[in-house]
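Raw coords14.txt, compact mmCIF, C-alpha atoms:
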# COMPACT_ATOMS: atom_id res chain seq x y z
CA MET A 1 -61.06 -34.06 130.21
CA THR A 2 -61.41 -35.66 133.61
CA THR A 3 -62.54 -33.76 136.67
CA ILE A 4 -62.33 -35.39 140.07
CA TRP A 5 -64.51 -34.47 143.03
CA ASN A 6 -64.88 -36.39 146.26
CA ARG A 7 -68.04 -36.68 148.32
CA ALA A 8 -65.84 -38.41 150.92
CA ALA A 9 -63.26 -35.64 151.11
CA ALA A 10 -63.42 -35.66 154.87
CA LEU A 11 -62.29 -39.30 154.92
CA ALA A 12 -58.54 -38.82 154.69
CA LEU A 13 -58.07 -42.17 156.37
CA LEU A 14 -60.12 -45.30 155.89
CA ALA A 15 -60.67 -47.40 159.00
CA GLY A 16 -57.48 -49.23 159.87
CA PRO A 17 -53.82 -48.48 159.18
CA ALA A 18 -53.65 -50.59 155.99
CA PHE A 19 -54.97 -47.75 153.82
CA ALA A 20 -53.33 -44.33 153.65
CA GLN A 21 -56.41 -42.96 151.89
CA ALA A 22 -59.92 -44.04 151.05
CA PRO A 23 -59.72 -46.57 148.19
CA CYS A 24 -62.97 -45.35 146.59
CA ARG A 25 -63.38 -42.02 144.87
CA ASP A 26 -65.90 -40.24 142.68
CA LEU A 27 -64.92 -38.89 139.29
CA SER A 28 -66.49 -37.39 136.21
CA PHE A 29 -65.53 -38.57 132.74
CA ASP A 30 -67.17 -37.15 129.61
CA ASP A 31 -69.86 -35.53 131.79
CA THR A 32 -70.84 -38.81 133.46
CA ARG A 33 -70.19 -39.53 137.11
CA TYR A 34 -68.63 -42.77 138.29
CA THR A 35 -67.42 -44.27 141.53
CA VAL A 36 -64.08 -46.05 141.28
CA CYS A 37 -62.57 -48.30 143.95
CA GLU A 38 -58.99 -49.55 143.85
CA ALA A 39 -57.32 -52.68 145.17
CA HIS A 40 -53.59 -53.30 145.07
CA ALA A 41 -51.55 -56.48 144.92
CA GLY A 42 -51.20 -57.77 148.47
CA ASP A 43 -54.56 -56.38 149.57
CA ASP A 44 -57.12 -58.87 150.87
CA LEU A 45 -59.35 -58.85 147.80
CA ARG A 46 -61.59 -61.91 147.50
CA LEU A 47 -64.55 -63.36 145.65
CA PHE A 48 -67.49 -64.77 147.60
CA LEU A 49 -70.48 -66.93 146.62
CA ASP A 50 -71.70 -69.31 149.36
CA ASP A 51 -71.10 -69.52 153.09
CA ALA A 52 -69.51 -72.49 154.86
CA ASP A 53 -72.86 -74.30 154.90
CA GLY A 54 -73.38 -73.90 151.15
CA ASN A 55 -75.96 -71.15 151.49
CA LEU A 56 -75.86 -68.18 149.15
CA ILE A 57 -74.31 -65.09 150.70
CA GLY A 58 -76.04 -62.81 148.24
CA THR A 59 -75.71 -59.41 149.94
CA PRO A 60 -72.99 -57.29 151.55
CA GLU A 61 -75.02 -57.40 154.75
CA ARG A 62 -74.77 -61.20 154.85
CA LEU A 63 -71.14 -61.01 153.84
CA SER A 64 -70.37 -58.85 156.87
CA GLU A 65 -71.76 -61.68 159.02
CA VAL A 66 -69.68 -64.35 157.23
CA ILE A 67 -66.22 -62.79 157.35
CA PRO A 68 -64.21 -63.37 160.55
CA ALA A 69 -64.80 -61.24 163.59
CA GLY A 70 -62.29 -58.42 163.62
CA ASP A 71 -62.48 -57.92 159.84
CA GLN A 72 -64.60 -55.47 157.90
CA ILE A 73 -65.72 -54.81 154.34
CA VAL A 74 -63.90 -51.89 152.74
CA PHE A 75 -66.02 -52.11 149.59
CA ALA A 76 -68.08 -54.78 147.85
CA MET A 77 -69.87 -55.09 144.51
CA ASN A 78 -71.39 -57.72 142.27
CA ALA A 79 -68.69 -59.69 140.46
CA GLY A 80 -70.12 -61.24 137.32
CA MET A 81 -73.26 -62.63 135.77
CA TYR A 82 -75.36 -65.34 137.31
CA HIS A 83 -78.38 -67.55 136.68
CA PRO A 84 -81.76 -67.06 138.42
CA ASP A 85 -80.54 -69.39 141.19
CA ARG A 86 -77.57 -67.00 141.65
CA LYS A 87 -75.03 -69.55 140.43
CA PRO A 88 -72.29 -68.11 138.16
CA VAL A 89 -72.85 -68.31 134.41
CA GLY A 90 -69.19 -69.10 133.79
CA LEU A 91 -65.90 -69.80 135.52
CA PHE A 92 -65.75 -69.22 139.25
CA ILE A 93 -62.72 -69.98 141.41
CA GLU A 94 -62.77 -69.39 145.16
CA GLY A 95 -59.83 -70.07 147.44
CA GLY A 96 -58.04 -71.85 144.58
CA GLU A 97 -60.96 -74.26 144.02
CA GLU A 98 -62.82 -74.25 140.70
CA LEU A 99 -66.52 -74.26 141.56
CA HIS A 100 -67.86 -73.61 138.04
CA LYS A 101 -66.21 -74.34 134.71
CA ILE A 102 -65.26 -71.82 132.06
CA VAL A 103 -67.60 -71.24 129.10
CA THR A 104 -65.90 -70.46 125.77
CA SER A 105 -68.81 -70.75 123.34
CA GLU A 106 -70.69 -67.81 121.88
CA GLY A 107 -74.16 -67.36 123.31
CA PRO A 108 -77.04 -65.00 123.96
CA GLY A 109 -76.92 -61.86 126.03
CA ASN A 110 -73.98 -59.78 127.15
CA PHE A 111 -72.08 -62.75 128.58
CA GLY A 112 -72.02 -64.47 125.20
CA LEU A 113 -70.96 -61.37 123.26
CA LEU A 114 -67.46 -62.62 122.47
CA PRO A 115 -64.80 -61.90 123.36
CA ASN A 116 -65.68 -62.20 127.01
CA GLY A 117 -63.13 -62.66 129.78
CA VAL A 118 -61.98 -63.67 133.24
CA PHE A 119 -60.86 -61.50 136.13
CA CYS A 120 -58.12 -63.32 138.05
CA ILE A 121 -56.75 -62.60 141.52
CA GLY A 122 -53.37 -64.21 142.17
CA LYS A 123 -50.06 -62.67 143.11
CA GLY A 124 -51.35 -59.71 141.14
CA PHE A 125 -54.42 -59.13 139.00
CA SER A 126 -55.29 -59.84 135.39
CA VAL A 127 -58.18 -59.67 132.95
CA VAL A 128 -57.77 -62.40 130.33
CA GLU A 129 -59.91 -63.20 127.27
CA SER A 130 -61.78 -66.44 128.04
CA ARG A 131 -60.42 -68.65 125.26
CA ALA A 132 -56.86 -67.51 125.99
CA PHE A 133 -57.50 -68.29 129.66
CA ALA A 134 -58.81 -71.77 128.84
CA ALA A 135 -55.81 -72.50 126.61
CA ASP A 136 -53.25 -71.45 129.22
CA PRO A 137 -54.85 -70.88 132.64
CA PRO A 138 -52.90 -68.58 134.94
CA SER A 139 -52.65 -69.31 138.64
CA CYS A 140 -55.69 -67.75 140.32
CA ASP A 141 -56.67 -67.84 143.96
CA TYR A 142 -59.96 -66.31 142.85
CA ALA A 143 -61.47 -65.84 139.40
CA THR A 144 -64.78 -64.84 137.86
CA GLN A 145 -65.88 -64.96 134.23
CA SER A 146 -68.16 -62.37 132.72
CA GLY A 147 -68.69 -60.55 129.48
CA PRO A 148 -68.23 -58.84 127.26
CA MET A 149 -64.67 -57.63 127.51
CA LEU A 150 -64.66 -53.83 127.60
CA VAL A 151 -61.05 -53.24 126.60
CA ILE A 152 -58.84 -55.82 124.89
CA ASP A 153 -55.12 -55.05 124.66
CA GLY A 154 -55.87 -51.33 124.56
CA ALA A 155 -58.74 -51.54 122.04
CA LEU A 156 -62.45 -51.26 122.72
CA HIS A 157 -64.61 -54.33 122.10
CA PRO A 158 -65.16 -54.40 118.31
CA LYS A 159 -68.97 -54.57 118.62
CA PHE A 160 -69.33 -51.40 120.72
CA LEU A 161 -70.87 -48.57 118.71
CA GLU A 162 -69.94 -44.97 119.40
CA ASP A 163 -73.53 -43.95 118.61
CA GLY A 164 -75.11 -46.81 120.58
CA THR A 165 -78.34 -45.99 122.38
CA SER A 166 -78.67 -48.81 124.95
CA LYS A 167 -77.87 -47.26 128.32
CA HIS A 168 -77.81 -48.84 131.78
CA ILE A 169 -76.08 -48.46 135.10
CA ARG A 170 -72.97 -50.59 134.55
CA ASN A 171 -70.08 -51.91 136.60
CA GLY A 172 -66.79 -53.50 135.60
CA VAL A 173 -63.16 -54.09 136.45
CA GLY A 174 -59.94 -53.11 134.73
CA VAL A 175 -56.33 -53.95 135.58
CA SER A 176 -53.24 -51.75 135.30
CA ALA A 177 -50.56 -52.68 132.78
CA ASP A 178 -48.27 -53.95 135.54
CA GLY A 179 -51.00 -56.09 137.10
CA GLN A 180 -50.59 -54.41 140.47
CA THR A 181 -53.84 -52.43 140.61
CA ALA A 182 -57.45 -53.43 139.95
CA TYR A 183 -59.99 -50.67 139.32
CA PHE A 184 -63.66 -51.40 140.03
CA ALA A 185 -66.02 -48.83 138.53
CA ILE A 186 -69.76 -48.29 138.58
CA SER A 187 -71.63 -45.56 136.73
CA ASP A 188 -73.89 -43.23 138.69
CA ALA A 189 -76.10 -42.79 135.61
CA PRO A 190 -76.99 -45.01 132.64
CA VAL A 191 -74.20 -45.27 130.04
CA THR A 192 -73.58 -47.16 126.81
CA PHE A 193 -70.98 -49.90 126.51
CA HIS A 194 -68.83 -47.59 124.40
CA GLU A 195 -68.93 -44.83 127.01
CA PHE A 196 -68.19 -47.23 129.84
CA ALA A 197 -65.31 -48.92 128.04
CA ARG A 198 -63.71 -45.55 127.30
CA LEU A 199 -63.62 -44.80 131.01
CA PHE A 200 -61.29 -47.77 131.49
CA ARG A 201 -59.17 -47.19 128.39
CA ASP A 202 -58.88 -43.41 128.35
CA ASP A 203 -59.16 -42.36 131.98
CA LEU A 204 -58.09 -45.31 134.12
CA LYS A 205 -55.56 -46.39 131.46
CA THR A 206 -56.24 -50.11 131.81
CA PRO A 207 -55.19 -52.14 128.74
CA ASN A 208 -57.75 -54.83 129.61
CA ALA A 209 -61.12 -54.44 131.29
CA LEU A 210 -64.16 -56.64 131.83
CA TYR A 211 -67.87 -55.88 132.11
CA LEU A 212 -69.38 -57.35 135.26
CA ASP A 213 -73.08 -56.48 134.98
CA GLY A 214 -75.68 -53.81 134.43
CA LYS A 215 -79.18 -53.43 135.82
CA VAL A 216 -78.35 -55.36 139.01
CA SER A 217 -75.09 -53.47 139.65
CA ARG A 218 -74.62 -52.25 143.20
CA LEU A 219 -71.79 -51.01 145.39
CA THR A 220 -71.32 -50.90 149.14
CA ILE A 221 -68.71 -48.71 150.86
CA PRO A 222 -69.55 -48.88 154.57
CA ASP A 223 -67.19 -46.15 155.76
CA GLN A 224 -68.57 -43.74 153.19
CA GLY A 225 -72.16 -44.60 154.03
CA ARG A 226 -72.92 -46.04 150.62
CA GLU A 227 -75.18 -49.08 150.53
CA ASP A 228 -76.91 -49.50 147.16
CA LEU A 229 -80.20 -51.34 147.42
CA GLY A 230 -81.05 -54.37 145.33
CA LEU A 231 -81.96 -58.03 145.19
CA PRO A 232 -79.53 -60.76 146.36
CA MET A 233 -76.59 -61.21 143.98
CA GLY A 234 -74.48 -64.14 142.84
CA PRO A 235 -70.70 -63.67 142.96
CA ILE A 236 -69.47 -60.77 145.10
CA VAL A 237 -66.04 -59.16 145.06
CA ALA A 238 -64.96 -57.49 148.28
CA LEU A 239 -61.91 -55.84 149.72
CA ILE A 240 -61.49 -56.94 153.35
CA ALA A 241 -59.39 -55.25 156.03
CA PRO A 242 -58.93 -55.48 159.80
CA ALA A 243 -61.46 -53.40 161.66
CA PRO A 244 -59.99 -50.55 163.66
CA PRO A 245 -59.83 -50.99 167.43
CA SER A 246 -62.78 -49.66 169.34
CA PRO A 247 -62.22 -46.54 171.49
CA ALA A 248 -62.43 -48.74 174.58
CA ASP A 249 -59.40 -50.67 173.33

Spell out the structure here as structure tokens.
Amino acid sequence: MTTIWNRAAALALLAGPAFAQAPCRDLSFDDTRYTVCEAHAGDDLRLFLDDADGNLIGTPERLSEVIPAGDQIVFAMNAGMYHPDRKPVGLFIEGGEELHKIVTSEGPGNFGLLPNGVFCIGKGFSVVESRAFAADPPSCDYATQSGPMLVIDGALHPKFLEDGTSKHIRNGVGVSADGQTAYFAISDAPVTFHEFARLFRDDLKTPNALYLDGKVSRLTIPDQGREDLGLPMGPIVALIAPAPPSPAD
């Protein structure tokens, strides 16, 4: 049974007229607390890696300096696995340009625990298994590859164990069946893969969902005063919106 509470209950409106309500909420699923942020088709949801000079952005603080004046971050979180130099492990598309190629081979670590997948931002959203993506790439303005898949056509990843003991803070993304809503979730306490995947399948009702990362996971929601601490990241996903006019305006 799912119980929803909201530490941002006083925020009936998020800065700017584009959002009728705050896109991030807190919920409890199977006695574990999560924060879930939503983006909808047509929202200004983007992936970021480097600035215009080729320097790593790395943090939401730097991102706020990179986006145009007059815009603001609604929420931001890490968006897939990366190497020590912060370069993406797999596919990364930004502004329609492929900056890193897709990886379809099995490998070590969570990324290589096949099937892994790609989160794609186009006219809508999708989470696609990596080999299926490589065989028939959809049109993506932005895309990031990570792994493992959490939910695949309504089923949990076959290697997730219900009695698994490996627990970490985890974050991921799932997409609604109609491709119109993307749900970004982060656990507020360590969870297993099986527990985390069930959040997407059984509560958020996403037929496909993708793990983004674990120990380095962090979320920023400026209007709710949330700014998770951590080292610089690689790919970042952020929802951007016009900043509200100042009182003087």

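Between Val216 of chain A and the residues A:Asn110, A:Asn78, A:Ser146, A:Thr59, the shortest atom-to-atom distance, using all atoms listed in the file, involves A:Asn78.
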
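Here atom CA of Asp43 of chain A is placed at a distance of 19.9 Å from atom CA of Phe92 of chain A.
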
Open item on the list: With only C-alpha atoms as the counted atoms, please give the residues lying no more than 10 Å from segment 97-102 of chain A, apart from itself and same-chain residues fewer than 3 positions off, as JSON, numbers by chain.
Closed with: {"A": [49, 87, 88, 89, 90, 91, 92, 93, 94, 105, 117, 118, 130, 131, 133, 134, 140, 141, 142, 143, 144, 145, 146]}

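The coordinates place atom CA of Thr165 of chain A at 28.8 Å from atom CA of Ala76 of chain A.
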
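If all atoms listed in the file are the atoms counted, then among A:Val103, A:Leu219, A:Val151, A:Leu161 the closest residue to Ala132 of chain A is A:Val103.
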
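Proximity ranking of A:Ala155, A:Gly147, A:Gly70, A:Tyr82 relative to Gly112 of chain A places A:Gly147 first, based on all atoms listed in the file.
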
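The protein and nucleic acid residues lying at most 6 Å from Arg33 of chain A are Leu27, Ser28 and Asp188 of chain A, with all atoms listed in the file considered and sequence neighbours fewer than 5 positions away removed.
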
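The shortest atom-to-atom distance to Pro137 of chain A, with only C-alpha atoms taken into account, belongs to A:Cys120 out of A:Cys120, A:Val191, A:Leu45, A:Ala209.
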
Give me the residues within 8 Å of Ile221 of chain A as an mmCIF file with C-alpha atoms, keeping the file's coordinate frame, counting only C-alpha atoms and dropping any in the same chain fewer than 6 places off.
data_model
loop_
_atom_site.group_PDB
_atom_site.id
_atom_site.type_symbol
_atom_site.label_atom_id
_atom_site.label_comp_id
_atom_site.auth_asym_id
_atom_site.auth_seq_id
_atom_site.Cartn_x
_atom_site.Cartn_y
_atom_site.Cartn_z
ATOM 1 C CA CYS A 24 -62.970 -45.350 146.590
ATOM 2 C CA ILE A 73 -65.720 -54.810 154.340
ATOM 3 C CA VAL A 74 -63.900 -51.890 152.740
ATOM 4 C CA PHE A 75 -66.020 -52.110 149.590
ATOM 5 C CA ALA A 76 -68.080 -54.780 147.850
ATOM 6 C CA GLU A 227 -75.180 -49.080 150.530
#

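Taking atom CA of Gly172 of chain A and atom CA of Lys159 of chain A as the two end points, the separation is 17.2 Å.
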
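Comparing A:Pro138, A:Leu239, A:Asp71, A:Asn171 by their smallest distance to Gly42 of chain A, the closest is A:Leu239 (using only C-alpha atoms).
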
- [ ] Between A:Asp50, A:Glu61, A:Asp213, A:Asp153, single out the one closest to Ala79 of chain A, counting all atoms listed in the file.
- [x] A:Asp213

Task: Distance query Phe200 of chain A at most 12 Å, only C-alpha atoms, self and fewer than 2 positions along chain excluded, as a ChimeraX atom specification - done: /A:29,34,36,149-157,171-177,182-187,193-198,202-211

Enclose the full set of atoms of segment 182-200 of chain A listed in the file within a box whose edges lie along x, y and z, apply 3 Å of padding to each of the six sides, and report centre and edge lengths in Å to one decimal as lines of an AutoDock Vina configuration file.
center_x = -67.2
center_y = -48.1
center_z = 132.2
size_x = 25.5
size_y = 16.6
size_z = 21.6
